[in-house]
>>> print(open('model-v2.pdb').read())   # PDB, C-alpha atoms
ATOM      1  CA  MET A  29      45.982   6.856 -13.728
ATOM      2  CA  PRO A  30      47.535   7.368 -10.294
ATOM      3  CA  GLY A  31      50.764   9.305  -9.941
ATOM      4  CA  ILE A  32      53.298  10.169  -7.266
ATOM      5  CA  ILE A  33      55.845  12.933  -6.814
ATOM      6  CA  GLY A  34      59.573  12.571  -7.440
ATOM      7  CA  LYS A  35      62.641  14.690  -7.996
ATOM      8  CA  LYS A  36      64.818  14.523 -11.098
ATOM      9  CA  ILE A  37      68.390  13.712 -10.122
ATOM     10  CA  GLY A  38      70.063  13.529 -13.529
ATOM     11  CA  MET A  39      70.880  11.271 -16.424
ATOM     12  CA  THR A  40      73.301   8.432 -16.994
ATOM     13  CA  SER A  41      73.220   5.188 -18.932
ATOM     14  CA  ILE A  42      72.897   1.535 -18.054
ATOM     15  CA  PHE A  43      73.377  -1.733 -19.900
ATOM     16  CA  ALA A  44      70.416  -4.015 -20.530
ATOM     17  CA  ALA A  45      70.694  -7.788 -20.202
ATOM     18  CA  ASP A  46      71.393  -8.149 -23.920
ATOM     19  CA  GLY A  47      74.308  -5.731 -23.658
ATOM     20  CA  LYS A  48      72.508  -2.775 -25.199
ATOM     21  CA  ASN A  49      73.252   0.598 -23.645
ATOM     22  CA  THR A  50      70.242   2.753 -22.755
ATOM     23  CA  ALA A  51      70.157   6.401 -21.735
ATOM     24  CA  CYS A  52      68.187   6.732 -18.511
ATOM     25  CA  THR A  53      67.066   9.269 -15.946
ATOM     26  CA  VAL A  54      67.424   8.828 -12.211
ATOM     27  CA  ILE A  55      64.432  10.049 -10.209
ATOM     28  CA  GLU A  56      64.341  10.186  -6.444
ATOM     29  CA  VAL A  57      60.972   9.232  -5.011
ATOM     30  CA  SER A  58      60.945   9.975  -1.304
ATOM     31  CA  PRO A  59      57.897   8.592   0.458
ATOM     32  CA  ASN A  60      54.865  10.669  -0.518
ATOM     33  CA  VAL A  61      52.511  11.406   2.364
ATOM     34  CA  VAL A  62      48.759  11.098   1.982
ATOM     35  CA  THR A  63      47.670  14.512   3.256
ATOM     36  CA  GLN A  64      43.989  14.319   2.438
ATOM     37  CA  ILE A  65      41.469  11.783   1.230
ATOM     38  CA  ARG A  66      38.683  13.198  -0.895
ATOM     39  CA  THR A  67      35.410  11.339  -0.445
ATOM     40  CA  GLU A  68      32.100  11.315  -2.237
ATOM     41  CA  ASP A  69      30.290  12.424   0.916
ATOM     42  CA  VAL A  70      32.313  15.557   1.465
ATOM     43  CA  ASP A  71      33.889  16.427  -1.867
ATOM     44  CA  GLY A  72      31.688  14.617  -4.379
ATOM     45  CA  TYR A  73      34.536  12.451  -5.687
ATOM     46  CA  PHE A  74      37.233  10.088  -4.478
ATOM     47  CA  ALA A  75      40.900  11.082  -4.710
ATOM     48  CA  LEU A  76      44.135  10.973  -2.773
ATOM     49  CA  GLN A  77      46.095  14.118  -2.085
ATOM     50  CA  LEU A  78      49.844  13.447  -1.891
ATOM     51  CA  ALA A  79      52.633  15.735  -0.738
ATOM     52  CA  ALA A  80      56.422  15.524  -0.903
ATOM     53  CA  GLY A  81      59.533  17.683  -0.620
ATOM     54  CA  GLU A  82      60.733  19.380   2.535
ATOM     55  CA  LYS A  83      59.827  22.966   3.275
ATOM     56  CA  LYS A  84      60.718  25.157   6.248
ATOM     57  CA  GLU A  85      58.023  25.901   8.769
ATOM     58  CA  LYS A  86      58.779  29.623   8.730
ATOM     59  CA  ASN A  87      58.066  29.665   4.996
ATOM     60  CA  THR A  88      54.691  28.008   5.393
ATOM     61  CA  ALA A  89      51.383  29.764   5.888
ATOM     62  CA  ALA A  90      49.619  28.850   9.115
ATOM     63  CA  GLY A  91      46.641  27.310   7.342
ATOM     64  CA  GLU A  92      48.861  25.171   5.201
ATOM     65  CA  LEU A  93      50.834  24.069   8.243
ATOM     66  CA  GLY A  94      47.633  22.988   9.959
ATOM     67  CA  HIS A  95      46.632  20.981   6.912
ATOM     68  CA  PHE A  96      49.907  19.048   7.002
ATOM     69  CA  GLN A  97      49.754  18.609  10.769
ATOM     70  CA  LYS A  98      46.386  16.903  10.392
ATOM     71  CA  ALA A  99      48.152  14.223   8.386
ATOM     72  CA  GLY A 100      50.864  14.057  11.031
ATOM     73  CA  THR A 101      53.658  15.393   8.855
ATOM     74  CA  GLY A 102      55.756  18.516   8.364
ATOM     75  CA  PRO A 103      55.163  21.133   5.665
ATOM     76  CA  LYS A 104      55.701  19.942   2.099
ATOM     77  CA  ARG A 105      56.673  21.695  -1.051
ATOM     78  CA  VAL A 106      54.604  19.935  -3.705
ATOM     79  CA  VAL A 107      51.029  18.705  -3.459
ATOM     80  CA  VAL A 108      49.200  16.675  -6.103
ATOM     81  CA  GLU A 109      45.857  14.944  -6.261
ATOM     82  CA  TYR A 110      45.025  11.752  -8.185
ATOM     83  CA  LYS A 111      41.733   9.971  -8.495
ATOM     84  CA  ASP A 112      42.678   6.497  -9.626
ATOM     85  CA  PHE A 113      44.192   5.075  -6.462
ATOM     86  CA  GLU A 114      42.537   2.037  -5.001
ATOM     87  CA  ARG A 115      39.956   2.874  -2.373
ATOM     88  CA  ASP A 116      40.571   1.967   1.275
ATOM     89  CA  GLN A 117      44.159   1.051   0.556
ATOM     90  CA  PHE A 118      45.627   4.163   2.142
ATOM     91  CA  LYS A 119      44.805   6.091   5.293
ATOM     92  CA  LEU A 120      45.532   9.713   6.133
ATOM     93  CA  GLY A 121      49.252  10.067   6.884
ATOM     94  CA  ASP A 122      50.264   6.874   5.056
ATOM     95  CA  THR A 123      53.236   6.994   2.722
ATOM     96  CA  ILE A 124      53.657   5.785  -0.848
ATOM     97  CA  GLY A 125      57.208   5.201  -2.018
ATOM     98  CA  VAL A 126      59.294   3.554  -4.697
ATOM     99  CA  ASP A 127      57.644   0.176  -4.168
ATOM    100  CA  PHE A 128      54.687   1.679  -6.020
ATOM    101  CA  PHE A 129      56.661   0.886  -9.186
ATOM    102  CA  ALA A 130      57.943  -2.416 -10.485
ATOM    103  CA  GLU A 131      60.785  -2.967 -12.918
ATOM    104  CA  GLY A 132      59.577  -3.322 -16.477
ATOM    105  CA  GLU A 133      56.512  -1.161 -15.946
ATOM    106  CA  VAL A 134      55.707   1.551 -18.502
ATOM    107  CA  ILE A 135      54.976   4.969 -16.997
ATOM    108  CA  SER A 136      54.554   8.616 -17.975
ATOM    109  CA  VAL A 137      56.519  11.420 -16.394
ATOM    110  CA  VAL A 138      55.129  14.944 -16.038
ATOM    111  CA  GLY A 139      57.302  17.958 -15.332
ATOM    112  CA  THR A 140      57.849  21.612 -16.145
ATOM    113  CA  SER A 141      60.149  21.873 -19.152
ATOM    114  CA  LYS A 142      63.259  24.049 -19.021
ATOM    115  CA  GLY A 143      62.434  27.638 -19.970
ATOM    116  CA  LYS A 144      64.101  28.883 -23.142
ATOM    117  CA  GLY A 145      62.781  32.460 -22.967
ATOM    118  CA  PHE A 146      61.366  34.370 -25.940
ATOM    119  CA  GLN A 147      62.441  32.448 -29.021
ATOM    120  CA  GLY A 148      62.008  32.952 -32.748
ATOM    121  CA  VAL A 149      60.180  30.573 -35.071
ATOM    122  CA  VAL A 150      63.300  28.708 -36.207
ATOM    123  CA  LYS A 151      64.073  27.411 -32.711
ATOM    124  CA  ARG A 152      60.519  27.337 -31.406
ATOM    125  CA  HIS A 153      58.671  25.717 -34.313
ATOM    126  CA  HIS A 154      61.517  24.355 -36.440
ATOM    127  CA  PHE A 155      60.845  26.735 -39.316
ATOM    128  CA  ALA A 156      63.560  26.674 -41.959
ATOM    129  CA  GLY A 157      64.146  30.436 -42.049
ATOM    130  CA  ILE A 158      64.724  32.088 -45.379
ATOM    131  CA  MET A 159      67.659  29.798 -46.254
ATOM    132  CA  GLN A 160      69.568  32.290 -48.350
ATOM    133  CA  ALA A 161      71.603  35.366 -47.630
ATOM    134  CA  THR A 162      71.936  36.637 -51.194
ATOM    135  CA  HIS A 163      69.382  37.433 -53.952
ATOM    136  CA  GLY A 164      68.233  40.626 -52.274
ATOM    137  CA  GLN A 165      67.866  39.223 -48.749
ATOM    138  CA  HIS A 166      68.860  41.396 -45.850
ATOM    139  CA  ASN A 167      68.399  40.831 -42.121
ATOM    140  CA  ARG A 168      65.862  38.026 -42.569
ATOM    141  CA  LEU A 169      67.800  34.789 -42.392
ATOM    142  CA  ARG A 170      65.614  33.490 -39.537
ATOM    143  CA  ALA A 171      62.370  35.263 -40.496
ATOM    144  CA  PRO A 172      59.042  33.363 -40.495
ATOM    145  CA  GLY A 173      57.994  34.444 -44.033
ATOM    146  CA  SER A 174      54.391  35.150 -44.958
ATOM    147  CA  ILE A 175      51.769  34.930 -42.217
ATOM    148  CA  GLY A 176      48.791  34.694 -44.566
ATOM    149  CA  ALA A 177      46.991  36.003 -47.670
ATOM    150  CA  GLY A 178      46.024  39.654 -48.378
ATOM    151  CA  SER A 179      42.670  41.431 -48.495
ATOM    152  CA  ASP A 180      40.874  38.118 -48.346
ATOM    153  CA  PRO A 181      40.724  37.107 -45.392
ATOM    154  CA  SER A 182      42.131  40.448 -44.213
ATOM    155  CA  ARG A 183      43.278  38.953 -40.941
ATOM    156  CA  VAL A 184      45.793  36.526 -39.466
ATOM    157  CA  PHE A 185      44.334  33.161 -38.530
ATOM    158  CA  LYS A 186      44.267  32.210 -34.874
ATOM    159  CA  GLY A 187      46.850  29.711 -33.727
ATOM    160  CA  LEU A 188      49.400  30.681 -36.368
ATOM    161  CA  ARG A 189      52.840  29.673 -35.151
ATOM    162  CA  MET A 190      54.920  32.720 -34.296
ATOM    163  CA  ALA A 191      57.789  33.742 -32.023
ATOM    164  CA  GLY A 192      57.167  33.742 -28.276
ATOM    165  CA  GLN A 193      57.901  32.110 -24.933
ATOM    166  CA  MET A 194      59.358  28.647 -25.330
ATOM    167  CA  GLY A 195      59.569  26.058 -22.593
ATOM    168  CA  ASN A 196      58.660  26.473 -18.928
ATOM    169  CA  VAL A 197      55.339  24.694 -19.535
ATOM    170  CA  ARG A 198      53.935  21.489 -18.123
ATOM    171  CA  ALA A 199      55.087  18.632 -20.337
ATOM    172  CA  LYS A 200      54.407  14.927 -20.234
ATOM    173  CA  ILE A 201      56.611  12.201 -21.675
ATOM    174  CA  ALA A 202      54.776   8.908 -22.150
ATOM    175  CA  ASN A 203      55.995   5.326 -22.522
ATOM    176  CA  LEU A 204      59.061   5.443 -20.314
ATOM    177  CA  GLU A 205      60.128   2.052 -19.029
ATOM    178  CA  VAL A 206      61.030   1.596 -15.379
ATOM    179  CA  LEU A 207      64.475   0.024 -15.686
ATOM    180  CA  LYS A 208      65.475  -0.191 -12.036
ATOM    181  CA  VAL A 209      63.918   0.433  -8.642
ATOM    182  CA  ASP A 210      66.192   0.962  -5.654
ATOM    183  CA  ALA A 211      64.369   0.831  -2.334
ATOM    184  CA  GLU A 212      67.457   1.640  -0.264
ATOM    185  CA  LYS A 213      67.981   5.136  -1.668
ATOM    186  CA  ASN A 214      64.410   5.650  -2.905
ATOM    187  CA  LEU A 215      65.418   5.801  -6.554
ATOM    188  CA  VAL A 216      63.577   4.974  -9.759
ATOM    189  CA  VAL A 217      65.542   4.714 -13.004
ATOM    190  CA  VAL A 218      63.470   5.263 -16.142
ATOM    191  CA  SER A 219      64.496   4.980 -19.776
ATOM    192  CA  GLY A 220      65.029   8.144 -21.781
ATOM    193  CA  SER A 221      64.726  11.747 -20.653
ATOM    194  CA  VAL A 222      62.138  13.561 -18.553
ATOM    195  CA  PRO A 223      61.085  17.235 -18.664
ATOM    196  CA  GLY A 224      62.705  19.844 -16.456
ATOM    197  CA  PRO A 225      66.030  20.651 -14.821
ATOM    198  CA  LYS A 226      67.981  18.592 -12.308
ATOM    199  CA  ASN A 227      66.422  18.913  -8.849
ATOM    200  CA  GLY A 228      63.110  19.765 -10.548
ATOM    201  CA  PHE A 229      59.969  18.093  -9.314
ATOM    202  CA  VAL A 230      58.293  15.575 -11.590
ATOM    203  CA  ILE A 231      55.186  13.411 -11.317
ATOM    204  CA  LEU A 232      55.420   9.740 -12.207
ATOM    205  CA  GLU A 233      52.120   8.460 -13.577
ATOM    206  CA  LYS A 234      51.339   4.793 -13.832
TER     207      LYS A 234
ATOM    208  CA  MET B   6      61.161  12.598  12.403
ATOM    209  CA  SER B   7      59.303   9.767  10.741
ATOM    210  CA  THR B   8      60.584   8.163   7.559
ATOM    211  CA  ALA B   9      58.151  10.297   5.623
ATOM    212  CA  ASP B  10      60.025  13.377   6.689
ATOM    213  CA  LYS B  11      63.350  12.199   5.310
ATOM    214  CA  PRO B  12      64.817  15.107   3.349
ATOM    215  CA  MET B  13      64.321  14.903  -0.376
ATOM    216  CA  PHE B  14      67.617  16.682  -1.016
ATOM    217  CA  PHE B  15      70.686  14.476  -1.245
ATOM    218  CA  THR B  16      73.595  15.737  -3.246
ATOM    219  CA  VAL B  17      72.704  15.211  -6.860
ATOM    220  CA  MET B  18      75.995  13.788  -8.089
ATOM    221  CA  ASN B  19      76.267  11.273  -5.279
ATOM    222  CA  LEU B  20      73.026   9.623  -6.277
ATOM    223  CA  ILE B  21      74.092   9.419  -9.913
ATOM    224  CA  GLN B  22      77.331   7.804  -8.789
ATOM    225  CA  TYR B  23      75.357   5.442  -6.615
ATOM    226  CA  VAL B  24      73.180   4.346  -9.542
ATOM    227  CA  GLU B  25      76.214   3.908 -11.757
ATOM    228  CA  GLU B  26      77.981   1.793  -9.163
ATOM    229  CA  GLN B  27      74.890  -0.287  -8.540
ATOM    230  CA  PHE B  28      73.664  -0.918 -12.035
ATOM    231  CA  THR B  29      76.249  -0.031 -14.658
ATOM    232  CA  ALA B  30      79.718  -0.550 -13.231
ATOM    233  CA  ASN B  31      81.500  -3.549 -14.644
ATOM    234  CA  ALA B  32      83.803  -5.321 -12.202
ATOM    235  CA  LYS B  33      86.043  -6.356 -15.086
ATOM    236  CA  VAL B  34      87.149  -2.755 -15.662
ATOM    237  CA  ALA B  35      89.525  -3.002 -12.698
ATOM    238  CA  GLU B  36      91.341  -5.858 -14.445
ATOM    239  CA  TYR B  37      92.015  -3.880 -17.603
ATOM    240  CA  PRO B  38      95.501  -2.431 -17.929
ATOM    241  CA  ALA B  39      95.744   1.322 -17.388
ATOM    242  CA  PHE B  40      95.761   2.619 -20.951
ATOM    243  CA  GLY B  41      95.586   6.080 -22.411
ATOM    244  CA  ALA B  42      96.081   8.003 -25.629
ATOM    245  CA  GLY B  43      98.972   6.734 -27.727
ATOM    246  CA  ASP B  44      98.927   3.207 -26.365
ATOM    247  CA  THR B  45      98.357   0.259 -28.678
ATOM    248  CA  ILE B  46      95.835  -2.150 -27.223
ATOM    249  CA  THR B  47      93.790  -5.151 -28.289
ATOM    250  CA  VAL B  48      90.149  -5.293 -27.269
ATOM    251  CA  TYR B  49      88.441  -8.686 -27.267
ATOM    252  CA  TYR B  50      84.703  -8.192 -27.518
ATOM    253  CA  GLN B  51      81.678 -10.380 -28.046
ATOM    254  CA  ILE B  52      79.450 -10.062 -31.038
ATOM    255  CA  ARG B  53      76.049 -11.608 -31.226
ATOM    256  CA  GLU B  54      74.852 -13.260 -34.428
ATOM    257  CA  GLY B  55      71.356 -14.475 -33.797
ATOM    258  CA  GLU B  56      71.888 -16.874 -30.930
ATOM    259  CA  LYS B  57      75.586 -17.437 -31.391
ATOM    260  CA  VAL B  58      78.071 -15.356 -29.489
ATOM    261  CA  ARG B  59      81.610 -15.157 -30.724
ATOM    262  CA  THR B  60      84.635 -13.138 -29.774
ATOM    263  CA  GLN B  61      86.383 -10.736 -32.068
ATOM    264  CA  PHE B  62      89.334  -8.513 -31.431
ATOM    265  CA  PHE B  63      90.219  -5.011 -32.497
ATOM    266  CA  LYS B  64      93.809  -3.861 -32.247
ATOM    267  CA  GLY B  65      94.890  -0.276 -32.664
ATOM    268  CA  VAL B  66      96.080   2.974 -31.172
ATOM    269  CA  VAL B  67      93.987   4.657 -28.478
ATOM    270  CA  LEU B  68      93.060   8.144 -29.671
ATOM    271  CA  GLN B  69      91.245   9.275 -26.550
ATOM    272  CA  ARG B  70      89.413   8.338 -23.405
ATOM    273  CA  ARG B  71      86.435  10.550 -22.735
ATOM    274  CA  GLY B  72      83.682  10.877 -20.137
ATOM    275  CA  LYS B  73      83.648   9.535 -16.626
ATOM    276  CA  GLY B  74      81.794   7.023 -14.558
ATOM    277  CA  ALA B  75      79.361   4.775 -16.368
ATOM    278  CA  THR B  76      79.491   6.743 -19.584
ATOM    279  CA  GLU B  77      83.263   6.622 -20.114
ATOM    280  CA  THR B  78      84.289   5.599 -23.633
ATOM    281  CA  PHE B  79      87.521   5.173 -25.552
ATOM    282  CA  THR B  80      88.344   5.404 -29.241
ATOM    283  CA  ILE B  81      90.771   3.085 -31.011
ATOM    284  CA  ARG B  82      92.116   3.595 -34.528
ATOM    285  CA  LYS B  83      93.771   1.060 -36.747
ATOM    286  CA  MET B  84      94.858   1.027 -40.363
ATOM    287  CA  SER B  85      93.057  -1.607 -42.373
ATOM    288  CA  GLY B  86      95.135  -1.704 -45.521
ATOM    289  CA  ASN B  87      95.351   1.993 -46.235
ATOM    290  CA  ILE B  88      91.955   2.843 -44.814
ATOM    291  CA  GLY B  89      91.736   4.130 -41.279
ATOM    292  CA  VAL B  90      89.130   2.391 -39.110
ATOM    293  CA  GLU B  91      88.010   3.774 -35.763
ATOM    294  CA  ARG B  92      85.870   2.128 -33.141
ATOM    295  CA  ILE B  93      84.393   3.611 -30.014
ATOM    296  CA  PHE B  94      83.876   1.281 -27.051
ATOM    297  CA  MET B  95      82.054   1.931 -23.818
ATOM    298  CA  LEU B  96      84.522   1.172 -21.047
ATOM    299  CA  ASN B  97      81.872  -0.466 -18.866
ATOM    300  CA  SER B  98      80.355  -2.505 -21.675
ATOM    301  CA  PRO B  99      79.666  -6.096 -20.607
ATOM    302  CA  GLY B 100      80.524  -7.132 -24.167
ATOM    303  CA  ILE B 101      84.224  -6.480 -23.666
ATOM    304  CA  GLU B 102      85.955  -9.699 -22.629
ATOM    305  CA  LYS B 103      89.448  -8.422 -22.038
ATOM    306  CA  ILE B 104      91.863  -5.716 -23.033
ATOM    307  CA  GLU B 105      95.525  -6.401 -23.761
ATOM    308  CA  MET B 106      98.254  -3.805 -23.685
ATOM    309  CA  ASN B 107     100.578  -4.206 -26.661
ATOM    310  CA  LYS B 108     102.655  -1.066 -26.642
ATOM    311  CA  LYS B 109     102.888   1.903 -24.349
ATOM    312  CA  GLY B 110     103.112   5.005 -26.525
ATOM    313  CA  SER B 111     104.717   8.275 -25.589
ATOM    314  CA  VAL B 112     102.524  11.209 -26.658
ATOM    315  CA  ARG B 113     102.134  14.713 -25.283
ATOM    316  CA  ARG B 114      98.363  15.059 -25.613
ATOM    317  CA  ALA B 115      95.362  13.360 -24.026
ATOM    318  CA  ARG B 116      93.577  13.295 -27.411
ATOM    319  CA  ILE B 117      95.726  12.571 -30.407
ATOM    320  CA  PHE B 118      93.354  13.318 -33.281
ATOM    321  CA  TYR B 119      96.287  14.630 -35.305
ATOM    322  CA  GLN B 120      97.045  10.946 -35.959
ATOM    323  CA  ARG B 121      94.199  10.927 -38.483
ATOM    324  CA  ASP B 122      96.091  13.234 -40.785
ATOM    325  CA  LEU B 123      99.383  11.360 -40.567
ATOM    326  CA  THR B 124     100.424   8.367 -42.626
ATOM    327  CA  GLY B 125     103.532   6.239 -43.061
ATOM    328  CA  LYS B 126     106.623   7.202 -41.141
ATOM    329  CA  ALA B 127     105.026  10.332 -39.679
ATOM    330  CA  ALA B 128     102.296   8.274 -38.035
ATOM    331  CA  ARG B 129     104.726   6.320 -35.872
ATOM    332  CA  ILE B 130     104.389   6.773 -32.127
ATOM    333  CA  LYS B 131     107.469   6.605 -29.951
ATOM    334  CA  GLU B 132     107.392   3.810 -27.440
ATOM    335  CA  LYS B 133     107.528   4.770 -23.818
ATOM    336  CA  ARG B 134     110.519   3.444 -21.927
ATOM    337  CA  MET B 135     109.410   1.384 -18.991
TER     338      MET B 135
END
>>> encode(input="model-v2.pdb", output="structure tokens")
Amino acid sequence: MPGIIGKKIGMTSIFAADGKNTACTVIEVSPNVVTQIRTEDVDGYFALQLAAGEKKEKNTAAGELGHFQKAGTGPKRVVVEYKDFERDQFKLGDTIGVDFFAEGEVISVVGTSKGKGFQGVVKRHHFAGIMQATHGQHNRLRAPGSIGAGSDPSRVFKGLRMAGQMGNVRAKIANLEVLKVDAEKNLVVVSGSVPGPKNGFVILEK
Amino acid sequence: MSTADKPMFFTVMNLIQYVEEQFTANAKVAEYPAFGAGDTITVYYQIREGEKVRTQFFKGVVLQRRGKGATETFTIRKMSGNIGVERIFMLNSPGIEKIEMNKKGSVRRARIFYQRDLTGKAARIKEKRM
């Protein structure tokens, strides 16, 4: 599936034609610039490299700057590559914008989820905790409980859910409906929520 | 600068407001009387039964208005017999036909949840002198 870069603006709600109220997320999709076209001859596969988001020249490495200049554009913050664009439809330096989406379409949105830091098992994996404070319990209301049997197998199985870093990982939400497309302000309104903070970059996959 | 180099950073809130004005805002809201907590109002709203649409009304005291923009709601409470009934409406809902002001109440708070604990004479709200 092809995807393009957008920026999460925030959430609000809109009314559908039948009067039902739907929570929705507003995503700004400024025109994405095609900064490179991968070809079978050179790279062994076909793909489009897209870039979006302003970046200052002084914060850009010279090599990177040259790469963007080849496409006739300024330095960009985010670069993605997708294979499933139609061939010969776009040239180097072309832009893809909100008109890539139509109202009613179902898309996926990829982003980096909000970081929650180091969290225990109750928040991170929805464990129940110990659920009682009496009957000899002390200091273990949110403890994970047993992590396995004893001398057989004499080890803790791999992949056992434990405390650790939560959030701040790439996350994809599928089946979001495109409710509105606004070409004037380059906005796409999708149903439901998308990963990440406001002003965070997201990828909209068709 | 070409169009491709248009900055991706508008002010966040402005764009949310823009979307709300474009897609959610209900022009009828301007016609509603200015009501707040303590006022008695009647809300005429449409309910859908299969294909039929009919209008029903709900009359009661406004307990609160909360939120802003497209997500603003208000809560009305009425006594049905001796059972309190509350309903929350979305201010911008297209299902609301009209709102009538019945009584302007004089209360000191923006949210009068203490009304829930009062019955009989104590639950009366003084009318505001116009």
>>> atom_distance(input="model-v2.pdb", atom1="CA of Gly100 in chain A", atom2="CA of Glu114 in chain A")
21.7 Å
>>> interface_residues(input="model-v2.pdb", of="chain A", to="chain B", cutoff="6 Å", atoms="all atoms listed in the file", output="list in words")
Ile37, Ile42, Pro59, Gly81 and Glu82 of chain A
>>> residues_around(input="model-v2.pdb", residues="Ile130 in chain B", least_positions_apart="4", cutoff="7 Å", atoms="all atoms listed in the file", output="number ranges by chain")
B: 43, 110-111
>>> residues_around(input="model-v2.pdb", residues="Val48 in chain B", least_positions_apart="5", cutoff="7 Å", atoms="only C-alpha atoms", output="list in words")
Phe62, Phe63, Lys64, Lys103, Ile104 and Glu105 of chain B
>>> closest_residue(input="model-v2.pdb", among="A:Gln147, A:Gln77, A:Gln64, A:Gln193", to="Ala171 in chain A", atoms="only C-alpha atoms")
A:Gln147
>>> closest_residue(input="model-v2.pdb", among="B:Glu36, B:Val67, B:Gly55, B:Tyr50", to="Asn107 in chain B", atoms="only C-alpha atoms")
B:Val67
>>> residues_around(input="model-v2.pdb", residues="range 199-203 of chain A", least_positions_apart="2", cutoff="10 Å", atoms="only C-alpha atoms", output="mmCIF file with C-alpha atoms, keeping the file's coordinate frame")
data_model
loop_
_atom_site.group_PDB
_atom_site.id
_atom_site.type_symbol
_atom_site.label_atom_id
_atom_site.label_comp_id
_atom_site.auth_asym_id
_atom_site.auth_seq_id
_atom_site.Cartn_x
_atom_site.Cartn_y
_atom_site.Cartn_z
ATOM 1 C CA GLU A 133 56.512 -1.161 -15.946
ATOM 2 C CA VAL A 134 55.707 1.551 -18.502
ATOM 3 C CA ILE A 135 54.976 4.969 -16.997
ATOM 4 C CA SER A 136 54.554 8.616 -17.975
ATOM 5 C CA VAL A 137 56.519 11.420 -16.394
ATOM 6 C CA VAL A 138 55.129 14.944 -16.038
ATOM 7 C CA GLY A 139 57.302 17.958 -15.332
ATOM 8 C CA THR A 140 57.849 21.612 -16.145
ATOM 9 C CA SER A 141 60.149 21.873 -19.152
ATOM 10 C CA LYS A 142 63.259 24.049 -19.021
ATOM 11 C CA GLY A 195 59.569 26.058 -22.593
ATOM 12 C CA ASN A 196 58.660 26.473 -18.928
ATOM 13 C CA VAL A 197 55.339 24.694 -19.535
ATOM 14 C CA GLU A 205 60.128 2.052 -19.029
ATOM 15 C CA VAL A 206 61.030 1.596 -15.379
ATOM 16 C CA VAL A 218 63.470 5.263 -16.142
ATOM 17 C CA SER A 219 64.496 4.980 -19.776
ATOM 18 C CA GLY A 220 65.029 8.144 -21.781
ATOM 19 C CA SER A 221 64.726 11.747 -20.653
ATOM 20 C CA VAL A 222 62.138 13.561 -18.553
ATOM 21 C CA PRO A 223 61.085 17.235 -18.664
ATOM 22 C CA GLY A 224 62.705 19.844 -16.456
ATOM 23 C CA VAL A 230 58.293 15.575 -11.590
ATOM 24 C CA ILE A 231 55.186 13.411 -11.317
ATOM 25 C CA LEU A 232 55.420 9.740 -12.207
ATOM 26 C CA GLU A 233 52.120 8.460 -13.577
ATOM 27 C CA LYS A 234 51.339 4.793 -13.832
#
>>> atom_distance(input="model-v2.pdb", atom1="CA of Lys119 in chain A", atom2="CA of Glu131 in chain A")
25.9 Å
>>> closest_residue(input="model-v2.pdb", among="B:Gly125, B:Gly86, B:Gly72, B:Pro38", to="Lys109 in chain B", atoms="only C-alpha atoms")
B:Pro38
>>> resolve_selection(input="model-v2.pdb", expression="the PyMOL selection byres ((chain B and resi 118-120) around 12)", output="ChimeraX atom specification")
/B:42-43,65-70,80-84,89,91,112-117,121-130
>>> resolve_selection(input="model-v2.pdb", expression="the PyMOL selection byres ((chain A and resi 152) around 10)", output="PyMOL selection string")
chain A and resi 144+146-151+153-155+189-195
>>> build_atoms(input="model-v2.pdb", residues="range 92-99 of chain A", atoms="N, CA, C and O atoms", output="PDB file, keeping the file's coordinate frame")
ATOM      1  N   GLU A  92      48.223  26.281   5.888  1.00  0.00           N
ATOM      2  CA  GLU A  92      48.861  25.171   5.201  1.00  0.00           C
ATOM      3  C   GLU A  92      49.494  24.223   6.218  1.00  0.00           C
ATOM      4  O   GLU A  92      49.387  23.003   6.119  1.00  0.00           O
ATOM      5  N   LEU A  93      50.156  24.846   7.203  1.00  0.00           N
ATOM      6  CA  LEU A  93      50.834  24.069   8.243  1.00  0.00           C
ATOM      7  C   LEU A  93      49.828  23.180   8.965  1.00  0.00           C
ATOM      8  O   LEU A  93      50.071  21.996   9.196  1.00  0.00           O
ATOM      9  N   GLY A  94      48.671  23.748   9.272  1.00  0.00           N
ATOM     10  CA  GLY A  94      47.633  22.988   9.959  1.00  0.00           C
ATOM     11  C   GLY A  94      47.164  21.812   9.118  1.00  0.00           C
ATOM     12  O   GLY A  94      46.926  20.719   9.625  1.00  0.00           O
ATOM     13  N   HIS A  95      47.069  22.039   7.818  1.00  0.00           N
ATOM     14  CA  HIS A  95      46.632  20.981   6.912  1.00  0.00           C
ATOM     15  C   HIS A  95      47.611  19.812   6.953  1.00  0.00           C
ATOM     16  O   HIS A  95      47.215  18.651   6.991  1.00  0.00           O
ATOM     17  N   PHE A  96      48.908  20.119   6.964  1.00  0.00           N
ATOM     18  CA  PHE A  96      49.907  19.048   7.002  1.00  0.00           C
ATOM     19  C   PHE A  96      49.943  18.387   8.377  1.00  0.00           C
ATOM     20  O   PHE A  96      50.173  17.191   8.495  1.00  0.00           O
ATOM     21  N   GLN A  97      49.730  19.182   9.418  1.00  0.00           N
ATOM     22  CA  GLN A  97      49.754  18.609  10.769  1.00  0.00           C
ATOM     23  C   GLN A  97      48.623  17.602  10.958  1.00  0.00           C
ATOM     24  O   GLN A  97      48.766  16.617  11.670  1.00  0.00           O
ATOM     25  N   LYS A  98      47.517  17.837  10.293  1.00  0.00           N
ATOM     26  CA  LYS A  98      46.386  16.903  10.392  1.00  0.00           C
ATOM     27  C   LYS A  98      46.794  15.522   9.901  1.00  0.00           C
ATOM     28  O   LYS A  98      46.343  14.505  10.400  1.00  0.00           O
ATOM     29  N   ALA A  99      47.682  15.502   8.902  1.00  0.00           N
ATOM     30  CA  ALA A  99      48.152  14.223   8.386  1.00  0.00           C
ATOM     31  C   ALA A  99      49.360  13.722   9.162  1.00  0.00           C
ATOM     32  O   ALA A  99      49.961  12.709   8.815  1.00  0.00           O
TER      33      ALA A  99
END
